[in-house]
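See below for entry02.pdb, which holds PDB, C-alpha atoms, pLDDT in the B column.
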```
MODEL        1
ATOM      1  CA  MET A  23      -2.735  18.827  10.191  1.00 81.00           C
ATOM      2  CA  LEU A  24       0.083  21.152   9.116  1.00 81.00           C
ATOM      3  CA  LEU A  25       2.388  19.560  11.689  1.00 86.00           C
ATOM      4  CA  ASP A  26       1.487  16.059  10.474  1.00 87.00           C
ATOM      5  CA  ILE A  27       2.231  17.006   6.875  1.00 90.00           C
ATOM      6  CA  ALA A  28       5.515  18.657   7.886  1.00 89.00           C
ATOM      7  CA  ILE A  29       6.602  15.517   9.766  1.00 89.00           C
ATOM      8  CA  PHE A  30       5.560  13.363   6.791  1.00 90.00           C
ATOM      9  CA  LEU A  31       7.802  15.435   4.501  1.00 91.00           C
ATOM     10  CA  ALA A  32      10.632  15.341   7.057  1.00 89.00           C
ATOM     11  CA  ASN A  33      10.374  11.548   7.247  1.00 88.00           C
ATOM     12  CA  LEU A  34      10.297  11.332   3.475  1.00 89.00           C
ATOM     13  CA  LEU A  35      13.092  13.765   2.585  1.00 89.00           C
ATOM     14  CA  LEU A  36      15.233  14.503   5.639  1.00 89.00           C
ATOM     15  CA  MET A  37      15.065  11.755   8.223  1.00 89.00           C
ATOM     16  CA  ARG A  38      17.486   9.293   6.612  1.00 87.00           C
ATOM     17  CA  LEU A  39      20.200  11.949   6.695  1.00 90.00           C
ATOM     18  CA  LEU A  40      19.454  12.832  10.320  1.00 91.00           C
ATOM     19  CA  VAL A  41      19.377   9.174  11.376  1.00 88.00           C
ATOM     20  CA  ASP A  42      22.703   8.506   9.618  1.00 88.00           C
ATOM     21  CA  LEU A  43      24.198  11.470  11.494  1.00 89.00           C
ATOM     22  CA  PHE A  44      22.701  10.194  14.749  1.00 86.00           C
ATOM     23  CA  TYR A  45      24.074   6.699  14.152  1.00 85.00           C
ATOM     24  CA  ASP A  46      27.489   8.181  13.347  1.00 88.00           C
ATOM     25  CA  LEU A  47      27.274  10.109  16.628  1.00 85.00           C
ATOM     26  CA  PHE A  48      26.656   6.833  18.449  1.00 79.00           C
ATOM     27  CA  ARG A  49      29.553   5.194  16.606  1.00 82.00           C
ATOM     28  CA  GLN A  50      31.889   7.979  17.693  1.00 86.00           C
ATOM     29  CA  ALA A  51      30.567   7.817  21.246  1.00 77.00           C
ATOM     30  CA  TYR A  52      31.313   4.091  21.444  1.00 74.00           C
ATOM     31  CA  SER A  53      34.800   4.847  20.083  1.00 78.00           C
ATOM     32  CA  GLY A  54      35.408   7.099  23.079  1.00 75.00           C
ATOM     33  CA  SER A  55      34.586  10.574  21.733  1.00 82.00           C
ATOM     34  CA  LEU A  56      33.599  12.800  24.633  1.00 80.00           C
ATOM     35  CA  LEU A  57      32.067  15.398  22.277  1.00 87.00           C
ATOM     36  CA  ALA A  58      29.867  12.731  20.694  1.00 84.00           C
ATOM     37  CA  ARG A  59      28.674  11.585  24.104  1.00 79.00           C
ATOM     38  CA  ILE A  60      27.896  15.156  25.106  1.00 83.00           C
ATOM     39  CA  GLY A  61      26.027  15.569  21.813  1.00 85.00           C
ATOM     40  CA  ILE A  62      23.851  12.525  22.578  1.00 81.00           C
ATOM     41  CA  LEU A  63      23.260  13.880  26.081  1.00 80.00           C
ATOM     42  CA  LEU A  64      22.117  17.247  24.674  1.00 86.00           C
ATOM     43  CA  PHE A  65      19.860  15.423  22.220  1.00 87.00           C
ATOM     44  CA  TYR A  66      18.089  13.615  25.058  1.00 83.00           C
ATOM     45  CA  LEU A  67      17.934  16.738  27.215  1.00 83.00           C
ATOM     46  CA  GLY A  68      16.226  18.555  24.350  1.00 87.00           C
ATOM     47  CA  MET A  69      13.548  15.850  24.296  1.00 84.00           C
ATOM     48  CA  LEU A  70      12.941  16.416  28.011  1.00 82.00           C
ATOM     49  CA  VAL A  71      13.038  20.204  28.195  1.00 86.00           C
ATOM     50  CA  LEU A  72      11.364  21.398  24.974  1.00 89.00           C
ATOM     51  CA  PRO A  73       7.839  20.130  25.891  1.00 86.00           C
ATOM     52  CA  SER A  74       7.947  22.023  29.194  1.00 85.00           C
ATOM     53  CA  VAL A  75       8.959  25.249  27.460  1.00 88.00           C
ATOM     54  CA  GLY A  76       6.289  24.740  24.810  1.00 86.00           C
ATOM     55  CA  ALA A  77       3.611  24.164  27.466  1.00 83.00           C
ATOM     56  CA  VAL A  78       4.430  27.411  29.256  1.00 85.00           C
ATOM     57  CA  LEU A  79       4.525  29.447  26.033  1.00 87.00           C
ATOM     58  CA  LYS A  80       1.311  28.001  24.536  1.00 84.00           C
ATOM     59  CA  ARG A  81      -1.003  27.675  27.532  1.00 81.00           C
ATOM     60  CA  TRP A  82      -2.662  31.092  27.480  1.00 80.00           C
ATOM     61  CA  HIS A  83      -3.213  31.104  23.732  1.00 80.00           C
ATOM     62  CA  LEU A  84      -4.456  27.511  23.580  1.00 79.00           C
ATOM     63  CA  VAL A  85      -7.030  28.016  26.313  1.00 76.00           C
ATOM     64  CA  GLN A  86      -8.232  31.323  24.837  1.00 78.00           C
ATOM     65  CA  ARG A  87      -8.626  29.739  21.409  1.00 76.00           C
ATOM     66  CA  MET A  88     -10.637  26.850  22.805  1.00 72.00           C
ATOM     67  CA  LYS A  89     -12.870  29.296  24.685  1.00 72.00           C
ATOM     68  CA  LEU A  90     -13.545  31.241  21.484  1.00 72.00           C
ATOM     69  CA  ARG A  91     -14.567  28.012  19.795  1.00 66.00           C
ATOM     70  CA  GLY A  92     -16.955  27.288  22.631  1.00 64.00           C
ATOM     71  CA  GLU A  93     -15.332  23.922  23.284  1.00 54.00           C
ATOM     72  CA  LYS A  94     -16.227  22.317  26.598  1.00 53.00           C
ATOM     73  CA  GLU A  95     -15.927  18.768  27.799  1.00 48.00           C
ATOM     74  CA  GLU A  96     -19.188  17.078  28.589  1.00 45.00           C
ATOM     75  CA  GLU A  97     -19.333  15.334  31.930  1.00 42.00           C
ATOM     76  CA  GLY A  98     -17.514  12.014  31.680  1.00 42.00           C
ATOM     77  CA  ASP A  99     -16.534  12.672  28.056  1.00 46.00           C
ATOM     78  CA  TRP A 100     -13.003  11.331  27.353  1.00 45.00           C
ATOM     79  CA  TRP A 101     -12.338  11.434  31.106  1.00 43.00           C
ATOM     80  CA  LEU A 102     -10.598   8.080  31.461  1.00 45.00           C
ATOM     81  CA  PHE A 103      -8.701   8.439  28.198  1.00 49.00           C
ATOM     82  CA  GLY A 104      -7.736  12.086  28.546  1.00 54.00           C
ATOM     83  CA  CYS A 105      -7.115  12.301  32.291  1.00 58.00           C
ATOM     84  CA  LEU A 106      -5.529   8.943  33.018  1.00 64.00           C
ATOM     85  CA  ILE A 107      -4.407   6.898  30.037  1.00 70.00           C
ATOM     86  CA  ILE A 108      -2.752   9.601  27.920  1.00 76.00           C
ATOM     87  CA  PRO A 109      -0.801  11.174  30.832  1.00 82.00           C
ATOM     88  CA  ALA A 110       0.339   7.696  31.918  1.00 82.00           C
ATOM     89  CA  ILE A 111       1.618   6.917  28.420  1.00 81.00           C
ATOM     90  CA  TYR A 112       3.218  10.346  28.149  1.00 83.00           C
ATOM     91  CA  LEU A 113       4.994   9.834  31.470  1.00 86.00           C
ATOM     92  CA  ALA A 114       6.196   6.332  30.519  1.00 85.00           C
ATOM     93  CA  VAL A 115       7.738   7.506  27.224  1.00 83.00           C
ATOM     94  CA  ASN A 116       9.589  10.340  28.946  1.00 83.00           C
ATOM     95  CA  MET A 117      10.780   8.015  31.710  1.00 86.00           C
ATOM     96  CA  PHE A 118      12.441   5.985  28.968  1.00 80.00           C
ATOM     97  CA  VAL A 119      14.166   9.157  27.757  1.00 77.00           C
ATOM     98  CA  SER A 120      15.387   9.925  31.300  1.00 80.00           C
ATOM     99  CA  LEU A 121      16.838   6.429  31.577  1.00 81.00           C
ATOM    100  CA  ALA A 122      18.648   6.964  28.269  1.00 73.00           C
ATOM    101  CA  VAL A 123      20.064  10.274  29.537  1.00 73.00           C
ATOM    102  CA  SER A 124      21.262   8.611  32.731  1.00 77.00           C
ATOM    103  CA  LEU A 125      23.019   5.853  30.782  1.00 74.00           C
ATOM    104  CA  THR A 126      24.616   8.429  28.474  1.00 69.00           C
ATOM    105  CA  ILE A 127      26.027  10.320  31.468  1.00 70.00           C
ATOM    106  CA  SER A 128      27.442   7.040  32.748  1.00 73.00           C
ATOM    107  CA  ASP A 129      29.133   6.475  29.380  1.00 68.00           C
ATOM    108  CA  ILE A 130      30.677   9.958  29.406  1.00 66.00           C
ATOM    109  CA  PHE A 131      32.604   8.971  32.547  1.00 66.00           C
ATOM    110  CA  PRO A 132      33.432   5.266  32.025  1.00 66.00           C
ATOM    111  CA  ASP A 133      34.881   3.341  34.960  1.00 65.00           C
ATOM    112  CA  SER A 134      34.366   6.364  37.169  1.00 64.00           C
ATOM    113  CA  GLY A 135      32.621   6.492  40.516  1.00 69.00           C
ATOM    114  CA  PHE A 136      31.848  10.138  39.825  1.00 63.00           C
ATOM    115  CA  GLY A 137      30.099   9.228  36.583  1.00 65.00           C
ATOM    116  CA  GLN A 138      28.042   6.533  38.267  1.00 74.00           C
ATOM    117  CA  THR A 139      27.035   8.954  41.041  1.00 78.00           C
ATOM    118  CA  ILE A 140      26.031  11.722  38.613  1.00 75.00           C
ATOM    119  CA  SER A 141      24.152   9.187  36.499  1.00 77.00           C
ATOM    120  CA  GLY A 142      22.179   7.982  39.515  1.00 80.00           C
ATOM    121  CA  VAL A 143      21.462  11.525  40.677  1.00 80.00           C
ATOM    122  CA  PHE A 144      20.217  12.505  37.225  1.00 78.00           C
ATOM    123  CA  LEU A 145      17.999   9.425  36.991  1.00 81.00           C
ATOM    124  CA  GLY A 146      16.384  10.363  40.296  1.00 84.00           C
ATOM    125  CA  PHE A 147      16.034  13.962  39.137  1.00 83.00           C
ATOM    126  CA  GLY A 148      14.604  12.753  35.817  1.00 81.00           C
ATOM    127  CA  ILE A 149      11.879  10.755  37.564  1.00 86.00           C
ATOM    128  CA  VAL A 150      10.816  13.785  39.609  1.00 88.00           C
ATOM    129  CA  TYR A 151      11.149  16.129  36.621  1.00 85.00           C
ATOM    130  CA  ASN A 152       9.031  13.916  34.355  1.00 86.00           C
ATOM    131  CA  ILE A 153       6.218  13.838  36.895  1.00 89.00           C
ATOM    132  CA  PHE A 154       6.443  17.633  37.124  1.00 87.00           C
ATOM    133  CA  GLN A 155       6.566  17.974  33.337  1.00 84.00           C
ATOM    134  CA  THR A 156       3.556  15.692  32.842  1.00 86.00           C
ATOM    135  CA  VAL A 157       1.535  17.819  35.264  1.00 84.00           C
ATOM    136  CA  LEU A 158       2.790  20.995  33.570  1.00 81.00           C
ATOM    137  CA  VAL A 159       1.963  19.787  30.055  1.00 81.00           C
ATOM    138  CA  PHE A 160      -1.539  18.546  30.862  1.00 80.00           C
ATOM    139  CA  ARG A 161      -2.198  21.575  33.054  1.00 78.00           C
ATOM    140  CA  CYS A 162      -1.707  23.515  29.816  1.00 74.00           C
ATOM    141  CA  PHE A 163      -5.209  22.466  28.766  1.00 72.00           C
ATOM    142  CA  LEU A 164      -6.910  23.891  31.879  1.00 73.00           C
ATOM    143  CA  PRO A 165      -8.034  27.541  31.948  1.00 73.00           C
ATOM    144  CA  PRO A 166      -5.655  29.639  34.093  1.00 73.00           C
ATOM    145  CA  LYS A 167      -7.229  31.506  37.000  1.00 74.00           C
ATOM    146  CA  HIS A 168      -5.317  34.677  36.189  1.00 76.00           C
ATOM    147  CA  LYS A 169      -3.654  36.255  33.208  1.00 79.00           C
ATOM    148  CA  PRO A 170       0.072  35.483  32.867  1.00 79.00           C
ATOM    149  CA  LYS A 171       2.202  37.945  34.820  1.00 80.00           C
ATOM    150  CA  PHE A 172       4.670  38.284  31.958  1.00 81.00           C
ATOM    151  CA  ALA A 173       3.321  40.257  29.009  1.00 84.00           C
ATOM    152  CA  PHE A 174       5.321  38.135  26.575  1.00 85.00           C
ATOM    153  CA  LEU A 175       3.256  35.059  27.493  1.00 83.00           C
ATOM    154  CA  ARG A 176       0.162  36.933  26.289  1.00 82.00           C
ATOM    155  CA  ASP A 177       1.889  38.061  23.109  1.00 86.00           C
ATOM    156  CA  PRO A 178       1.122  35.956  19.968  1.00 84.00           C
ATOM    157  CA  ARG A 179       4.861  35.647  19.435  1.00 89.00           C
ATOM    158  CA  SER A 180       5.106  33.456  22.520  1.00 89.00           C
ATOM    159  CA  GLU A 181       2.842  30.847  20.911  1.00 86.00           C
ATOM    160  CA  VAL A 182       4.926  30.949  17.731  1.00 90.00           C
ATOM    161  CA  LEU A 183       8.024  30.293  19.825  1.00 92.00           C
ATOM    162  CA  GLY A 184       6.135  27.521  21.633  1.00 88.00           C
ATOM    163  CA  ASP A 185       5.235  25.937  18.293  1.00 88.00           C
ATOM    164  CA  VAL A 186       8.908  26.054  17.275  1.00 91.00           C
ATOM    165  CA  CYS A 187       9.834  24.219  20.497  1.00 91.00           C
ATOM    166  CA  ILE A 188       7.164  21.594  19.817  1.00 88.00           C
ATOM    167  CA  PHE A 189       8.261  21.136  16.211  1.00 90.00           C
ATOM    168  CA  LEU A 190      11.915  20.718  17.245  1.00 91.00           C
ATOM    169  CA  ASN A 191      10.813  18.236  19.895  1.00 89.00           C
ATOM    170  CA  MET A 192       8.843  16.315  17.260  1.00 90.00           C
ATOM    171  CA  ILE A 193      11.930  16.156  15.023  1.00 92.00           C
ATOM    172  CA  LEU A 194      14.020  14.780  17.900  1.00 90.00           C
ATOM    173  CA  PHE A 195      11.378  12.153  18.665  1.00 88.00           C
ATOM    174  CA  GLN A 196      11.182  11.234  14.975  1.00 90.00           C
ATOM    175  CA  VAL A 197      14.957  10.749  14.837  1.00 90.00           C
ATOM    176  CA  LEU A 198      14.608   8.468  17.856  1.00 83.00           C
ATOM    177  CA  LEU A 199      11.724   6.596  16.215  1.00 85.00           C
ATOM    178  CA  ASN A 200      13.478   6.157  12.873  1.00 87.00           C
ATOM    179  CA  TYR A 201      16.716   5.092  14.537  1.00 84.00           C
ATOM    180  CA  GLN A 202      14.989   2.534  16.710  1.00 80.00           C
ATOM    181  CA  ALA A 203      12.991   1.268  13.732  1.00 83.00           C
ATOM    182  CA  ALA A 204      16.239   0.747  11.830  1.00 80.00           C
ATOM    183  CA  VAL A 205      18.253  -1.043  14.519  1.00 77.00           C
ATOM    184  CA  PHE A 206      15.825  -2.768  16.902  1.00 77.00           C
ATOM    185  CA  PRO A 207      15.578  -6.493  15.979  1.00 76.00           C
ATOM    186  CA  LEU A 208      11.930  -6.789  17.053  1.00 76.00           C
ATOM    187  CA  PHE A 209      10.908  -4.665  14.049  1.00 80.00           C
ATOM    188  CA  HIS A 210      12.784  -6.910  11.601  1.00 78.00           C
ATOM    189  CA  GLU A 211      12.022 -10.410  12.893  1.00 78.00           C
ATOM    190  CA  GLY A 212       8.873 -12.505  12.956  1.00 76.00           C
ATOM    191  CA  SER A 213       5.775 -12.444  10.800  1.00 81.00           C
ATOM    192  CA  PHE A 214       4.740  -9.395   8.809  1.00 82.00           C
ATOM    193  CA  ALA A 215       1.605  -8.923  10.947  1.00 83.00           C
ATOM    194  CA  ASP A 216       3.545  -9.074  14.221  1.00 82.00           C
ATOM    195  CA  ARG A 217       6.093  -6.569  12.977  1.00 84.00           C
ATOM    196  CA  LEU A 218       3.388  -4.251  11.658  1.00 86.00           C
ATOM    197  CA  ILE A 219       1.387  -4.224  14.887  1.00 88.00           C
ATOM    198  CA  THR A 220       4.470  -3.750  17.078  1.00 85.00           C
ATOM    199  CA  LEU A 221       5.861  -0.983  14.894  1.00 86.00           C
ATOM    200  CA  LEU A 222       2.505   0.770  14.614  1.00 87.00           C
ATOM    201  CA  ILE A 223       2.013   0.824  18.389  1.00 86.00           C
ATOM    202  CA  PHE A 224       5.561   2.046  19.013  1.00 85.00           C
ATOM    203  CA  ALA A 225       5.316   4.730  16.304  1.00 86.00           C
ATOM    204  CA  LEU A 226       1.999   6.064  17.590  1.00 85.00           C
ATOM    205  CA  LEU A 227       3.196   6.159  21.218  1.00 82.00           C
ATOM    206  CA  VAL A 228       6.267   8.165  20.249  1.00 83.00           C
ATOM    207  CA  TYR A 229       4.327  10.434  17.906  1.00 86.00           C
ATOM    208  CA  MET A 230       1.471  11.164  20.312  1.00 82.00           C
ATOM    209  CA  THR A 231       3.966  12.218  22.968  1.00 80.00           C
ATOM    210  CA  GLY A 232       5.138  15.094  20.797  1.00 80.00           C
ATOM    211  CA  ARG A 233       1.739  15.905  19.258  1.00 82.00           C
ATOM    212  CA  ILE A 234      -0.208  16.097  22.509  1.00 79.00           C
ATOM    213  CA  PHE A 235      -0.478  19.909  22.385  1.00 75.00           C
ATOM    214  CA  PHE A 236      -2.380  19.767  19.096  1.00 78.00           C
ATOM    215  CA  LEU A 237      -4.262  16.522  19.741  1.00 73.00           C
ATOM    216  CA  VAL A 238      -6.526  18.193  22.284  1.00 70.00           C
ATOM    217  CA  GLU A 239      -7.798  20.587  19.599  1.00 70.00           C
ATOM    218  CA  ASP A 240      -8.562  18.095  16.844  1.00 73.00           C
ATOM    219  CA  VAL A 241      -8.985  14.726  18.552  1.00 69.00           C
ATOM    220  CA  ARG A 242     -12.660  14.537  17.495  1.00 73.00           C
ATOM    221  CA  ARG A 243     -12.009  15.278  13.826  1.00 76.00           C
ATOM    222  CA  PRO A 244     -12.066  12.127  11.656  1.00 78.00           C
ATOM    223  CA  ARG A 245      -9.187  13.393   9.517  1.00 84.00           C
ATOM    224  CA  THR A 246      -6.884  13.559  12.559  1.00 84.00           C
ATOM    225  CA  LEU A 247      -6.178   9.833  12.654  1.00 83.00           C
ATOM    226  CA  LEU A 248      -5.581   9.837   8.906  1.00 87.00           C
ATOM    227  CA  THR A 249      -3.011  12.642   9.035  1.00 88.00           C
ATOM    228  CA  ILE A 250      -1.302  11.034  12.054  1.00 87.00           C
ATOM    229  CA  LEU A 251      -1.030   7.749  10.142  1.00 88.00           C
ATOM    230  CA  LEU A 252       0.246   9.698   7.127  1.00 87.00           C
ATOM    231  CA  ALA A 253       2.979  11.302   9.229  1.00 89.00           C
ATOM    232  CA  ASN A 254       4.150   7.876  10.408  1.00 88.00           C
ATOM    233  CA  SER A 255       3.566   5.997   7.155  1.00 89.00           C
ATOM    234  CA  VAL A 256       7.050   6.590   5.747  1.00 88.00           C
ATOM    235  CA  VAL A 257       8.934   5.067   8.669  1.00 88.00           C
ATOM    236  CA  ILE A 258       6.443   2.182   8.938  1.00 88.00           C
ATOM    237  CA  VAL A 259       6.609   1.248   5.243  1.00 87.00           C
ATOM    238  CA  ARG A 260      10.366   1.770   5.058  1.00 86.00           C
ATOM    239  CA  THR A 261      10.964  -0.446   8.098  1.00 85.00           C
ATOM    240  CA  LEU A 262       8.663  -3.224   6.929  1.00 84.00           C
ATOM    241  CA  LEU A 263      10.251  -3.348   3.473  1.00 81.00           C
ATOM    242  CA  THR A 264      13.898  -3.190   4.519  1.00 74.00           C
ATOM    243  CA  SER A 265      16.117  -5.091   6.910  1.00 57.00           C
ATOM    244  CA  ALA A 266      18.119  -3.492   9.682  1.00 48.00           C
ATOM    245  CA  HIS A 267      21.061  -1.508   8.309  1.00 48.00           C
ATOM    246  CA  ALA A 268      22.850  -0.967  11.610  1.00 45.00           C
ATOM    247  CA  PRO A 269      23.965  -3.244  14.460  1.00 42.00           C
ATOM    248  CA  ALA A 270      21.099  -4.205  16.734  1.00 40.00           C
ATOM    249  CA  MET A 271      21.349  -2.147  19.900  1.00 40.00           C
ATOM    250  CA  LEU A 272      19.066  -0.340  22.252  1.00 38.00           C
ATOM    251  CA  ILE A 273      18.856   3.404  21.782  1.00 39.00           C
ATOM    252  CA  SER A 274      20.188   3.998  25.258  1.00 39.00           C
ATOM    253  CA  ARG A 275      23.282   1.857  24.892  1.00 39.00           C
TER     254      ARG A 275
ENDMDL
END
```

Target encoding structure tokens, full file:
Amino acid sequence: MLLDIAIFLANLLLMRLLVDLFYDLFRQAYSGSLLARIGILLFYLGMLVLPSVGAVLKRWHLVQRMKLRGEKEEEGDWWLFGCLIIPAIYLAVNMFVSLAVSLTISDIFPDSGFGQTISGVFLGFGIVYNIFQTVLVFRCFLPPKHKPKFAFLRDPRSEVLGDVCIFLNMILFQVLLNYQAAVFPLFHEGSFADRLITLLIFALLVYMTGRIFFLVEDVRRPRTLLTILLANSVVIVRTLLTSAHAPAMLISR
């Protein structure tokens, strides 16, 4: 709930500034700035790497906390949703990020065979890495057979650092969400109901990808859906009540 409230406040007070900076970064990148293109590349890489780091740092503490609470899945309970649907959605969102990274690499080296080769190599690596990361993240919720070899992973400070990684990852995903909501024509055309449903689905998919580490602990609490909707309410209302303020373009191009 604390994370949801923090993201709500970030969307309310900070996100417009971050999105304007992100859009300016794209503008400079399209003008030929190599530094801007590298900045966009690092932004995407952060979205890919931070969840893996957070999963490693939080696993021991998360499992121990759930054991203390006596939480145990009943046979068949949430199996299809938790074991198949959520990982599939998580993988699909991160595949989109990998594609964006690959296209950014291609833009860093325009009209270059080297750039095209590196872009293709990274896309292939991204596909393999995302499968690995999805397994790593969802393996985080399974009890480890042995204590972590590194003492730091058993230290409470490791979970704090893991939470920082997750929060930073959430901010990056929220910048992506707010930017897409501002520039993607689908969110600004058609009937109000169509726009609302499309935006709501997109917002929840993006948000759940970053919140997955905490969702497993509070998914059964009725207030969870309310705080998740609260966290996304600012971008949804703002998008529905305003028209696009930037040229329509896909986030990856």

Please build the interface table for region 193-235 of chain A against region 67-75 of chain A with a cut-off of 12 Å, listing for each qualifying residue the nearest atom pair and the distance in Å to one decimal; count all atoms listed in the file, order rows by chain and increasing number, and write it as JSON lines.
```
{"residue": "A:Ile193", "atom": "CA", "partner": "A:Met69", "partner_atom": "CA", "distance": 9.4}
{"residue": "A:Leu194", "atom": "CA", "partner": "A:Met69", "partner_atom": "CA", "distance": 6.5}
{"residue": "A:Phe195", "atom": "CA", "partner": "A:Met69", "partner_atom": "CA", "distance": 7.1}
{"residue": "A:Gln196", "atom": "CA", "partner": "A:Met69", "partner_atom": "CA", "distance": 10.7}
{"residue": "A:Val197", "atom": "CA", "partner": "A:Met69", "partner_atom": "CA", "distance": 10.8}
{"residue": "A:Leu198", "atom": "CA", "partner": "A:Met69", "partner_atom": "CA", "distance": 9.9}
{"residue": "A:Val228", "atom": "CA", "partner": "A:Met69", "partner_atom": "CA", "distance": 11.3}
{"residue": "A:Thr231", "atom": "CA", "partner": "A:Pro73", "partner_atom": "CA", "distance": 9.3}
{"residue": "A:Gly232", "atom": "CA", "partner": "A:Pro73", "partner_atom": "CA", "distance": 7.7}
{"residue": "A:Arg233", "atom": "CA", "partner": "A:Pro73", "partner_atom": "CA", "distance": 10.0}
{"residue": "A:Ile234", "atom": "CA", "partner": "A:Pro73", "partner_atom": "CA", "distance": 9.6}
{"residue": "A:Phe235", "atom": "CA", "partner": "A:Pro73", "partner_atom": "CA", "distance": 9.0}
```

Selected residues written out with C-alpha atoms, as a compact mmCIF listing (two decimals), in the frame of the given file:
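See part_23.txt below for the written result:
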```txt
# COMPACT_ATOMS: atom_id res chain seq x y z
CA ILE A 193 11.93 16.16 15.02
CA LEU A 194 14.02 14.78 17.90
CA PHE A 195 11.38 12.15 18.66
CA GLN A 196 11.18 11.23 14.98
CA VAL A 197 14.96 10.75 14.84
CA LEU A 198 14.61 8.47 17.86
CA VAL A 228 6.27 8.16 20.25
CA THR A 231 3.97 12.22 22.97
CA GLY A 232 5.14 15.09 20.80
CA ARG A 233 1.74 15.90 19.26
CA ILE A 234 -0.21 16.10 22.51
CA PHE A 235 -0.48 19.91 22.38
```

Reference answer for the PyMOL selection byres ((chain A and resi 157) around 12), as number ranges by chain | A: 73-74, 77-78, 105-106, 108-110, 112-113, 150-156, 158-164

Taking all atoms listed in the file into account, which of A:Ala58, A:Leu39, A:Leu222, A:Met230 comes nearest Thr246 (chain A)?
->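 Using all atoms listed in the file, the shortest distance to Thr246 (chain A) belongs to A:Met230.
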
Atomic separation - CA of Leu145 (chain A) relative to CA of Leu121 (chain A), Å | 6.3 Å

Go ahead and compute the interatomic distance for CA of Arg49 (chain A) and CA of Phe30 (chain A), in Å to one decimal.
->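 Rounded to one decimal, the two atoms are 27.2 Å apart.
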
Given the file shown, determine the residues that the PyMOL selection byres ((chain A and resi 174-189) around 6) selects; report them as a list of chain:residue names.
->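 Matching residues under the PyMOL selection byres ((chain A and resi 174-189) around 6) are A:Leu72, A:Gly76, A:Leu79, A:Lys80, A:Phe172, A:Ala173, A:Leu190, A:Asn191, A:Met192.
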
Check the smallest atom-to-atom distance from each of A:Leu84, A:Ile127, A:Leu218, A:Met23 to Pro244 (chain A) using all atoms listed in the file, then report the winner.
->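 Comparing A:Leu84, A:Ile127, A:Leu218, A:Met23 against Pro244 (chain A), the winner is A:Met23.
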
Quick one: distance from CA of Leu251 (chain A) to CA of Glu239 (chain A) in Å, one decimal?
-> 17.3 Å

Nearest to Ser120 (chain A) by atom-to-atom distance, counting only C-alpha atoms, from A:Leu237, A:Tyr66, A:Arg242, A:Val143 =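 Counting only C-alpha atoms, the residue closest to Ser120 (chain A) is A:Tyr66.
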
Would you mind telling me which residue in A:Leu125, A:Ala215, A:Thr264, A:Asn254 lies nearest to Gln138 (chain A) when using only C-alpha atoms?
->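 Nearest to Gln138 (chain A): A:Leu125.
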
Which is closest to Asp46 (chain A) among A:Tyr229, A:Phe214, A:Phe236, A:Tyr201, if we use all atoms listed in the file?
->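 Closest candidate: A:Tyr201.
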
Explicit residues for the PyMOL selection byres ((chain A and resi 37) around 10) (as a PyMOL selection string) | chain A and resi 29-36+38-43+193+196-197+200-201+256-257

Would you mind telling me which residue in A:Ile140, A:Ile149, A:Phe48, A:Pro207 lies nearest to Val115 (chain A) when using all atoms listed in the file?
->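 Among A:Ile140, A:Ile149, A:Phe48, A:Pro207, it is A:Ile149 that comes nearest to Val115 (chain A).
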
Centre and edges of the region 209-212 of chain A box, axis-aligned, 8 Å extra per side, as AutoDock Vina command-line options:
```
--center_x 10.8 --center_y -8.6 --center_z 12.8 --size_x 19.9 --size_y 23.8 --size_z 18.4
```
